[in-house]
$ cat start.cif   # mmCIF, N, CA and C atoms and all ligand atoms
data_data
#
loop_
_atom_site.label_atom_id
_atom_site.label_comp_id
_atom_site.auth_asym_id
_atom_site.auth_seq_id
_atom_site.Cartn_x
_atom_site.Cartn_y
_atom_site.Cartn_z
N MET A 200 10.56 -6.44 -19.44
CA MET A 200 9.68 -6.61 -18.28
C MET A 200 8.95 -7.95 -18.34
N SER A 201 8.58 -8.43 -17.20
CA SER A 201 7.99 -9.77 -17.12
C SER A 201 6.63 -9.85 -17.83
N GLN A 202 6.33 -11.01 -18.36
CA GLN A 202 5.08 -11.22 -19.08
C GLN A 202 4.02 -11.86 -18.20
N SER A 203 4.33 -12.08 -16.93
CA SER A 203 3.36 -12.80 -16.10
C SER A 203 2.10 -11.96 -15.91
N PRO A 204 0.95 -12.59 -15.61
CA PRO A 204 -0.31 -11.85 -15.51
C PRO A 204 -0.28 -10.80 -14.41
N LEU A 205 -1.11 -9.78 -14.56
CA LEU A 205 -1.16 -8.71 -13.58
C LEU A 205 -1.94 -9.15 -12.34
N ILE A 206 -1.39 -8.83 -11.17
CA ILE A 206 -2.15 -9.05 -9.94
C ILE A 206 -2.08 -7.80 -9.07
N SER A 207 -2.97 -7.76 -8.11
CA SER A 207 -2.90 -6.68 -7.14
C SER A 207 -2.94 -7.26 -5.73
N VAL A 208 -2.17 -6.63 -4.84
CA VAL A 208 -2.13 -7.05 -3.43
C VAL A 208 -2.49 -5.83 -2.60
N SER A 209 -3.37 -6.01 -1.64
CA SER A 209 -3.66 -4.90 -0.73
C SER A 209 -3.56 -5.41 0.69
N TYR A 210 -3.08 -4.56 1.57
CA TYR A 210 -2.91 -4.95 2.96
C TYR A 210 -2.98 -3.73 3.86
N ILE A 211 -3.11 -3.98 5.14
CA ILE A 211 -2.92 -2.91 6.13
C ILE A 211 -1.89 -3.39 7.14
N SER A 212 -1.24 -2.46 7.81
CA SER A 212 -0.22 -2.82 8.80
C SER A 212 -0.06 -1.67 9.78
N LYS A 213 0.70 -1.94 10.84
CA LYS A 213 0.97 -0.89 11.81
C LYS A 213 2.45 -0.56 11.81
N ALA A 214 2.78 0.72 11.81
CA ALA A 214 4.18 1.14 11.87
C ALA A 214 4.74 0.74 13.23
N THR A 215 5.99 0.27 13.23
CA THR A 215 6.60 -0.12 14.51
C THR A 215 6.97 1.12 15.33
N GLN A 216 7.23 2.24 14.64
CA GLN A 216 7.46 3.51 15.34
C GLN A 216 6.64 4.57 14.63
N ASP A 217 6.37 5.64 15.35
CA ASP A 217 5.69 6.75 14.71
C ASP A 217 6.58 7.26 13.58
N MET A 218 6.05 7.32 12.38
CA MET A 218 6.86 7.73 11.23
C MET A 218 6.81 9.24 11.09
N GLY A 219 7.97 9.88 11.12
CA GLY A 219 8.02 11.31 10.86
C GLY A 219 7.96 11.55 9.36
N VAL A 220 7.84 12.82 9.00
CA VAL A 220 7.76 13.17 7.58
C VAL A 220 8.99 12.66 6.81
N LEU A 221 10.16 12.81 7.43
CA LEU A 221 11.39 12.36 6.76
C LEU A 221 11.40 10.87 6.51
N ALA A 222 11.00 10.11 7.51
CA ALA A 222 10.97 8.65 7.37
C ALA A 222 9.96 8.24 6.30
N LEU A 223 8.84 8.94 6.25
CA LEU A 223 7.83 8.63 5.23
C LEU A 223 8.35 8.97 3.83
N MET A 224 9.07 10.10 3.74
CA MET A 224 9.63 10.48 2.45
C MET A 224 10.68 9.47 1.97
N ARG A 225 11.50 9.03 2.93
CA ARG A 225 12.54 8.06 2.59
C ARG A 225 11.89 6.77 2.08
N LEU A 226 10.89 6.33 2.80
CA LEU A 226 10.19 5.09 2.41
C LEU A 226 9.57 5.24 1.01
N THR A 227 8.87 6.36 0.81
CA THR A 227 8.18 6.55 -0.48
C THR A 227 9.18 6.69 -1.62
N ASP A 228 10.26 7.43 -1.40
CA ASP A 228 11.30 7.58 -2.43
C ASP A 228 11.85 6.24 -2.85
N GLN A 229 12.17 5.44 -1.85
CA GLN A 229 12.72 4.11 -2.09
C GLN A 229 11.72 3.27 -2.89
N ALA A 230 10.46 3.34 -2.47
CA ALA A 230 9.42 2.55 -3.13
C ALA A 230 9.25 3.01 -4.58
N VAL A 231 9.19 4.32 -4.80
CA VAL A 231 8.98 4.85 -6.14
C VAL A 231 10.11 4.39 -7.08
N GLN A 232 11.35 4.52 -6.60
CA GLN A 232 12.48 4.16 -7.46
C GLN A 232 12.50 2.70 -7.86
N LEU A 233 12.28 1.86 -6.84
CA LEU A 233 12.33 0.43 -7.11
C LEU A 233 11.11 -0.01 -7.93
N ASN A 234 9.96 0.53 -7.60
CA ASN A 234 8.74 0.17 -8.33
C ASN A 234 8.86 0.52 -9.81
N GLN A 235 9.49 1.68 -10.08
CA GLN A 235 9.67 2.09 -11.46
C GLN A 235 10.47 1.04 -12.23
N LYS A 236 11.55 0.57 -11.58
CA LYS A 236 12.41 -0.45 -12.21
C LYS A 236 11.66 -1.74 -12.45
N LEU A 237 10.78 -2.09 -11.48
CA LEU A 237 10.14 -3.40 -11.52
C LEU A 237 8.79 -3.40 -12.23
N GLY A 238 8.33 -2.23 -12.64
CA GLY A 238 7.02 -2.14 -13.30
C GLY A 238 5.86 -2.29 -12.33
N LEU A 239 6.07 -1.82 -11.08
CA LEU A 239 5.01 -1.89 -10.08
C LEU A 239 4.34 -0.52 -9.93
N THR A 240 3.06 -0.52 -9.64
CA THR A 240 2.32 0.73 -9.43
C THR A 240 1.42 0.55 -8.21
N GLY A 241 0.90 1.68 -7.69
CA GLY A 241 0.00 1.55 -6.56
C GLY A 241 -0.15 2.78 -5.73
N ALA A 242 -0.73 2.60 -4.55
CA ALA A 242 -0.96 3.71 -3.62
C ALA A 242 -0.63 3.26 -2.21
N LEU A 243 -0.08 4.20 -1.45
CA LEU A 243 0.31 3.93 -0.06
C LEU A 243 -0.32 4.99 0.83
N PHE A 244 -0.96 4.54 1.91
CA PHE A 244 -1.62 5.45 2.84
C PHE A 244 -0.93 5.39 4.19
N TYR A 245 -0.90 6.53 4.85
CA TYR A 245 -0.38 6.52 6.22
C TYR A 245 -1.23 7.44 7.07
N GLU A 246 -1.63 6.93 8.22
CA GLU A 246 -2.35 7.77 9.18
C GLU A 246 -2.17 7.18 10.57
N ASN A 247 -1.70 8.01 11.49
CA ASN A 247 -1.67 7.61 12.90
C ASN A 247 -1.06 6.22 13.11
N GLN A 248 0.13 6.01 12.55
CA GLN A 248 0.86 4.75 12.67
C GLN A 248 0.21 3.56 11.96
N HIS A 249 -0.70 3.82 11.05
CA HIS A 249 -1.28 2.74 10.25
C HIS A 249 -0.91 2.94 8.78
N PHE A 250 -0.51 1.84 8.15
CA PHE A 250 -0.29 1.88 6.71
C PHE A 250 -1.42 1.13 6.01
N GLY A 251 -1.70 1.55 4.80
CA GLY A 251 -2.56 0.78 3.90
C GLY A 251 -1.89 0.87 2.54
N GLN A 252 -1.87 -0.22 1.79
CA GLN A 252 -1.22 -0.16 0.49
C GLN A 252 -1.93 -1.04 -0.53
N ILE A 253 -1.97 -0.55 -1.74
CA ILE A 253 -2.42 -1.37 -2.88
C ILE A 253 -1.23 -1.39 -3.84
N LEU A 254 -0.80 -2.58 -4.19
CA LEU A 254 0.37 -2.74 -5.05
C LEU A 254 -0.04 -3.60 -6.22
N GLU A 255 0.32 -3.19 -7.44
CA GLU A 255 -0.10 -3.96 -8.61
C GLU A 255 1.02 -4.06 -9.63
N GLY A 256 0.97 -5.10 -10.42
CA GLY A 256 1.99 -5.32 -11.44
C GLY A 256 2.05 -6.79 -11.81
N PRO A 257 3.09 -7.19 -12.57
CA PRO A 257 3.23 -8.59 -12.95
C PRO A 257 3.34 -9.48 -11.72
N ARG A 258 2.70 -10.63 -11.78
CA ARG A 258 2.64 -11.53 -10.62
C ARG A 258 4.00 -11.78 -9.97
N THR A 259 4.99 -12.09 -10.80
CA THR A 259 6.31 -12.43 -10.25
C THR A 259 6.87 -11.29 -9.41
N GLU A 260 6.80 -10.07 -9.93
CA GLU A 260 7.37 -8.91 -9.23
C GLU A 260 6.55 -8.56 -7.99
N VAL A 261 5.23 -8.61 -8.12
CA VAL A 261 4.38 -8.26 -6.97
C VAL A 261 4.61 -9.26 -5.84
N THR A 262 4.68 -10.54 -6.19
CA THR A 262 4.86 -11.57 -5.16
C THR A 262 6.18 -11.38 -4.43
N LYS A 263 7.25 -11.10 -5.20
CA LYS A 263 8.56 -10.89 -4.56
C LYS A 263 8.53 -9.67 -3.65
N MET A 264 7.94 -8.58 -4.14
CA MET A 264 7.88 -7.35 -3.33
C MET A 264 7.02 -7.55 -2.09
N TRP A 265 5.95 -8.27 -2.24
CA TRP A 265 5.05 -8.55 -1.11
C TRP A 265 5.81 -9.30 -0.01
N GLU A 266 6.65 -10.26 -0.41
CA GLU A 266 7.48 -10.99 0.56
C GLU A 266 8.42 -10.02 1.29
N ARG A 267 9.05 -9.16 0.50
CA ARG A 267 10.00 -8.18 1.02
C ARG A 267 9.32 -7.22 2.00
N ILE A 268 8.17 -6.71 1.58
CA ILE A 268 7.44 -5.73 2.39
C ILE A 268 7.05 -6.35 3.73
N GLN A 269 6.61 -7.61 3.71
CA GLN A 269 6.19 -8.25 4.96
C GLN A 269 7.34 -8.39 5.95
N ARG A 270 8.56 -8.47 5.41
CA ARG A 270 9.73 -8.62 6.30
C ARG A 270 10.28 -7.28 6.78
N ASP A 271 9.75 -6.19 6.26
CA ASP A 271 10.30 -4.86 6.59
C ASP A 271 10.04 -4.52 8.06
N PRO A 272 11.12 -4.24 8.81
CA PRO A 272 10.96 -3.99 10.25
C PRO A 272 10.26 -2.67 10.58
N ARG A 273 10.00 -1.85 9.57
CA ARG A 273 9.33 -0.57 9.85
C ARG A 273 7.84 -0.73 10.16
N HIS A 274 7.33 -1.93 9.90
CA HIS A 274 5.93 -2.17 10.27
C HIS A 274 5.76 -3.61 10.72
N HIS A 275 4.62 -3.91 11.31
CA HIS A 275 4.29 -5.27 11.75
C HIS A 275 2.77 -5.44 11.69
N GLN A 276 2.29 -6.58 12.17
CA GLN A 276 0.85 -6.88 12.08
C GLN A 276 0.34 -6.63 10.66
N VAL A 277 1.12 -7.11 9.71
CA VAL A 277 0.75 -6.93 8.30
C VAL A 277 -0.40 -7.87 7.98
N ARG A 278 -1.51 -7.34 7.57
CA ARG A 278 -2.66 -8.21 7.26
C ARG A 278 -3.13 -8.03 5.81
N LEU A 279 -3.07 -9.13 5.09
CA LEU A 279 -3.49 -9.13 3.68
C LEU A 279 -4.99 -8.86 3.61
N LEU A 280 -5.38 -7.92 2.76
CA LEU A 280 -6.80 -7.68 2.53
C LEU A 280 -7.25 -8.51 1.34
N LYS A 281 -6.48 -8.42 0.25
CA LYS A 281 -6.88 -9.13 -0.96
C LYS A 281 -5.70 -9.31 -1.89
N MET A 282 -5.62 -10.47 -2.52
CA MET A 282 -4.66 -10.70 -3.60
C MET A 282 -5.46 -11.26 -4.75
N GLU A 283 -5.43 -10.59 -5.88
CA GLU A 283 -6.29 -11.05 -6.98
C GLU A 283 -5.66 -10.73 -8.33
N GLU A 284 -6.05 -11.52 -9.31
CA GLU A 284 -5.61 -11.24 -10.67
C GLU A 284 -6.44 -10.07 -11.19
N ILE A 285 -5.83 -9.15 -11.91
CA ILE A 285 -6.57 -8.00 -12.44
C ILE A 285 -6.38 -7.91 -13.95
N GLY A 286 -7.39 -7.40 -14.63
CA GLY A 286 -7.32 -7.26 -16.09
C GLY A 286 -6.45 -6.09 -16.49
N GLU A 287 -6.55 -5.03 -15.70
CA GLU A 287 -5.75 -3.84 -15.99
C GLU A 287 -5.41 -3.12 -14.69
N ARG A 288 -4.44 -2.21 -14.77
CA ARG A 288 -4.02 -1.48 -13.58
C ARG A 288 -5.00 -0.36 -13.25
N SER A 289 -5.07 -0.03 -11.94
CA SER A 289 -5.85 1.15 -11.52
C SER A 289 -4.95 2.36 -11.37
N PHE A 290 -3.64 2.14 -11.23
CA PHE A 290 -2.73 3.26 -10.93
C PHE A 290 -1.64 3.39 -11.99
N THR A 291 -2.07 3.46 -13.25
CA THR A 291 -1.09 3.45 -14.33
C THR A 291 -0.02 4.55 -14.19
N ALA A 292 -0.42 5.72 -13.66
CA ALA A 292 0.50 6.85 -13.66
C ALA A 292 1.39 6.93 -12.43
N TRP A 293 1.22 6.02 -11.48
CA TRP A 293 1.88 6.17 -10.19
C TRP A 293 2.70 4.95 -9.82
N SER A 294 4.03 5.11 -9.74
CA SER A 294 4.81 3.97 -9.28
C SER A 294 4.60 3.76 -7.78
N MET A 295 4.25 4.78 -7.06
CA MET A 295 3.67 4.62 -5.72
C MET A 295 3.14 5.97 -5.29
N ARG A 296 1.83 6.13 -5.34
CA ARG A 296 1.24 7.41 -4.96
C ARG A 296 1.05 7.42 -3.45
N PHE A 297 1.59 8.43 -2.80
CA PHE A 297 1.53 8.47 -1.34
C PHE A 297 0.45 9.43 -0.86
N PHE A 298 -0.35 8.95 0.09
CA PHE A 298 -1.37 9.80 0.70
C PHE A 298 -1.19 9.83 2.20
N LEU A 299 -1.21 11.01 2.77
CA LEU A 299 -1.43 11.09 4.20
C LEU A 299 -2.94 11.04 4.34
N ALA A 300 -3.44 10.11 5.12
CA ALA A 300 -4.89 9.95 5.17
C ALA A 300 -5.56 11.26 5.60
N LYS A 301 -4.84 12.06 6.37
CA LYS A 301 -5.40 13.36 6.79
C LYS A 301 -5.91 14.16 5.61
N GLU A 302 -5.19 14.07 4.50
CA GLU A 302 -5.57 14.84 3.32
C GLU A 302 -6.94 14.45 2.78
N ILE A 303 -7.32 13.23 3.07
CA ILE A 303 -8.56 12.76 2.46
C ILE A 303 -9.66 12.50 3.48
N ILE A 304 -9.33 12.72 4.74
CA ILE A 304 -10.32 12.45 5.78
C ILE A 304 -11.53 13.36 5.66
N ALA A 305 -11.28 14.59 5.25
CA ALA A 305 -12.38 15.52 5.08
C ALA A 305 -13.39 14.91 4.10
N LYS A 306 -12.84 14.29 3.05
CA LYS A 306 -13.68 13.68 2.02
C LYS A 306 -14.32 12.39 2.55
N MET A 307 -13.56 11.67 3.38
CA MET A 307 -14.01 10.35 3.80
C MET A 307 -13.74 10.07 5.27
N PRO A 308 -14.58 10.56 6.16
CA PRO A 308 -14.33 10.41 7.59
C PRO A 308 -14.23 8.94 8.02
N ASN A 309 -14.82 8.03 7.25
CA ASN A 309 -14.79 6.61 7.61
C ASN A 309 -13.42 5.98 7.55
N LEU A 310 -12.55 6.58 6.75
CA LEU A 310 -11.28 5.91 6.48
C LEU A 310 -10.48 5.66 7.76
N THR A 311 -10.38 6.65 8.64
CA THR A 311 -9.58 6.44 9.86
C THR A 311 -10.17 5.38 10.75
N SER A 312 -11.48 5.34 10.87
CA SER A 312 -12.05 4.34 11.76
C SER A 312 -11.81 2.93 11.23
N VAL A 313 -11.90 2.76 9.93
CA VAL A 313 -11.67 1.40 9.42
C VAL A 313 -10.18 1.06 9.31
N LEU A 314 -9.32 2.09 9.23
CA LEU A 314 -7.88 1.80 9.17
C LEU A 314 -7.41 1.09 10.42
N ASP A 315 -8.16 1.15 11.48
CA ASP A 315 -7.77 0.46 12.69
C ASP A 315 -7.91 -1.05 12.55
N GLY A 316 -8.55 -1.47 11.46
CA GLY A 316 -8.34 -2.82 11.01
C GLY A 316 -9.09 -3.97 11.68
N LEU A 317 -10.38 -3.83 11.92
CA LEU A 317 -11.13 -5.02 12.29
C LEU A 317 -11.36 -5.82 11.01
N PRO A 318 -11.17 -7.15 11.08
CA PRO A 318 -11.26 -7.94 9.85
C PRO A 318 -12.58 -7.74 9.10
N GLU A 319 -13.66 -7.53 9.84
CA GLU A 319 -14.95 -7.38 9.14
C GLU A 319 -15.00 -6.09 8.31
N ASN A 320 -14.00 -5.22 8.50
CA ASN A 320 -13.96 -3.98 7.73
C ASN A 320 -13.12 -4.08 6.46
N ASP A 321 -12.54 -5.23 6.21
CA ASP A 321 -11.58 -5.33 5.11
C ASP A 321 -12.13 -4.89 3.76
N VAL A 322 -13.34 -5.34 3.46
CA VAL A 322 -13.90 -5.03 2.15
C VAL A 322 -14.14 -3.53 2.05
N GLU A 323 -14.68 -2.97 3.13
CA GLU A 323 -14.96 -1.54 3.18
C GLU A 323 -13.67 -0.73 3.08
N LEU A 324 -12.65 -1.20 3.78
CA LEU A 324 -11.37 -0.51 3.79
C LEU A 324 -10.76 -0.46 2.39
N LEU A 325 -10.78 -1.59 1.74
CA LEU A 325 -10.22 -1.65 0.39
C LEU A 325 -11.01 -0.74 -0.55
N ARG A 326 -12.32 -0.75 -0.38
CA ARG A 326 -13.18 0.10 -1.21
C ARG A 326 -12.82 1.59 -1.00
N LEU A 327 -12.65 1.96 0.29
CA LEU A 327 -12.32 3.35 0.59
C LEU A 327 -10.95 3.74 0.06
N MET A 328 -9.98 2.82 0.16
CA MET A 328 -8.64 3.14 -0.35
C MET A 328 -8.72 3.39 -1.85
N ARG A 329 -9.52 2.56 -2.52
CA ARG A 329 -9.63 2.72 -3.99
C ARG A 329 -10.31 4.04 -4.34
N ILE A 330 -11.37 4.37 -3.62
CA ILE A 330 -12.07 5.63 -3.89
C ILE A 330 -11.14 6.81 -3.61
N ALA A 331 -10.42 6.72 -2.48
CA ALA A 331 -9.55 7.83 -2.08
C ALA A 331 -8.48 8.07 -3.12
N ALA A 332 -8.04 7.03 -3.76
CA ALA A 332 -6.94 7.14 -4.72
C ALA A 332 -7.42 7.56 -6.11
N GLU A 333 -8.70 7.63 -6.29
CA GLU A 333 -9.22 7.98 -7.63
C GLU A 333 -8.93 9.42 -8.01
C1 LIG B 1 4.48 0.12 4.43
C2 LIG B 1 5.60 -0.16 3.49
C3 LIG B 1 5.37 -0.14 2.12
C4 LIG B 1 6.41 -0.37 1.22
N1 LIG B 1 6.16 -0.35 -0.12
C5 LIG B 1 7.18 -0.55 -0.99
C6 LIG B 1 6.97 -0.51 -2.37
O1 LIG B 1 5.87 -0.28 -2.88
N2 LIG B 1 8.03 -0.72 -3.19
C7 LIG B 1 9.30 -0.93 -2.70
O2 LIG B 1 10.22 -1.10 -3.48
N3 LIG B 1 9.50 -0.99 -1.39
C8 LIG B 1 8.50 -0.80 -0.51
N4 LIG B 1 8.75 -0.84 0.82
C9 LIG B 1 10.13 -1.07 1.26
C10 LIG B 1 10.51 -2.53 1.17
O3 LIG B 1 10.01 -3.19 2.32
C11 LIG B 1 12.06 -2.69 1.12
O4 LIG B 1 12.65 -1.99 2.14
C12 LIG B 1 12.59 -2.14 -0.20
O5 LIG B 1 11.98 -2.79 -1.27
C13 LIG B 1 14.11 -2.30 -0.30
O6 LIG B 1 14.44 -3.64 -0.19
P1 LIG B 1 15.80 -4.09 0.54
O7 LIG B 1 15.70 -3.46 1.92
O8 LIG B 1 15.71 -5.57 0.55
O9 LIG B 1 16.87 -3.49 -0.29
C14 LIG B 1 7.71 -0.63 1.73
C15 LIG B 1 7.93 -0.67 3.10
C16 LIG B 1 6.89 -0.42 3.98
C17 LIG B 1 7.17 -0.45 5.46
#
$ encode --input "start.cif" --output "structure tokens"
Amino acid sequence: MSQSPLISVSYISKATQDMGVLALMRLTDQAVQLNQKLGLTGALFYENQHFGQILEGPRTEVTKMWERIQRDPRHHQVRLLKMEEIGERSFTAWSMRFFLAKEIIAKMPNLTSVLDGLPENDVELLRLMRIAAE
């Protein structure tokens, strides 16, 4: 596995079509398998045609995957929240942990309102995604 420093990338985006359960499972399966091979970990959120994702791992792999993800026709309006070097991973056990935001809305009603993605909400959104994934 690569020795490059660990970084994390977080973004939000909008699904180009309403994703059914099957499409979400296919996407997550694909992500889990490839992430395992590449040493990537993270969390993926989906609610009402909005995605949110935190992806972490060696810089080289994360950067390549980030390029790939941005080109994926299943979503658009991909907006980077943060890209930063990290000392350690937050999602050691998960090659990609998937959340339907509905599951966590009871805990955090703010999440859906900020998932709609006004730029001034970026910091709050990232904070909520991290808390939700804890
Ligand atoms: C919202 C979203 C998140 C994704 N996250 C990952 C991921 O974490 N890991 C992954 O391998 N692919 C992810 N993908 C899929 C990639 O964009 C891409 O389809 C996959 O890596 C296979 O690459 P290929 O189509 O070039 O073979 C994601 C796609 C979307 C739409």
$ residues_near_ligand --input "start.cif" --ligand "ligand LIG 1 (chain B)" --cutoff "8 Å" --atoms "all atoms listed in the file" --output "count of residues only"
43
$ atom_distance --input "start.cif" --atom1 "CA of Val208 (chain A)" --atom2 "CA of Glu283 (chain A)"
6.8 Å
$ atom_distance --input "start.cif" --atom1 "atom N of Phe298 (chain A)" --atom2 "atom N of Leu237 (chain A)"
19.5 Å
$ axis_aligned_box --input "start.cif" --around "region 248-263 of chain A" --padding-each-side "5 Å" --output "JSON"
{"center_x": 3.0, "center_y": -3.2, "center_z": -0.1, "size_x": 21.1, "size_y": 28.4, "size_z": 35.6}
$ select_by_dssp --input "start.cif" --residues "chain A" --states "alpha helix (DSSP H)" --output "ChimeraX atom specification"
/A:220-237,258-270,300-304,309-314,321-332
$ closest_residue --input "start.cif" --among "A:Lys236, A:Asn247, A:Arg329, A:Gly256" --to "Asp217 (chain A)" --atoms "only C-alpha atoms"
A:Asn247
$ select_by_dssp --input "start.cif" --residues "chain A" --states "strand (DSSP E)" --output "MDAnalysis selection string"
chainID A and resid 205:214 240:246 249:257 274:284 296:299
$ closest_residue --input "start.cif" --among "A:Leu279, A:Leu325, A:Ala332, A:Val220" --to "Thr291 (chain A)" --atoms "only C-alpha atoms"
A:Ala332
$ closest_residue --input "start.cif" --among "A:Gln216, A:Ser203, A:Gln248, A:Ser209" --to "Arg326 (chain A)" --atoms "only C-alpha atoms"
A:Ser209
$ atom_distance --input "start.cif" --atom1 "atom C of Tyr245 (chain A)" --atom2 "atom N of Thr262 (chain A)"
23.1 Å
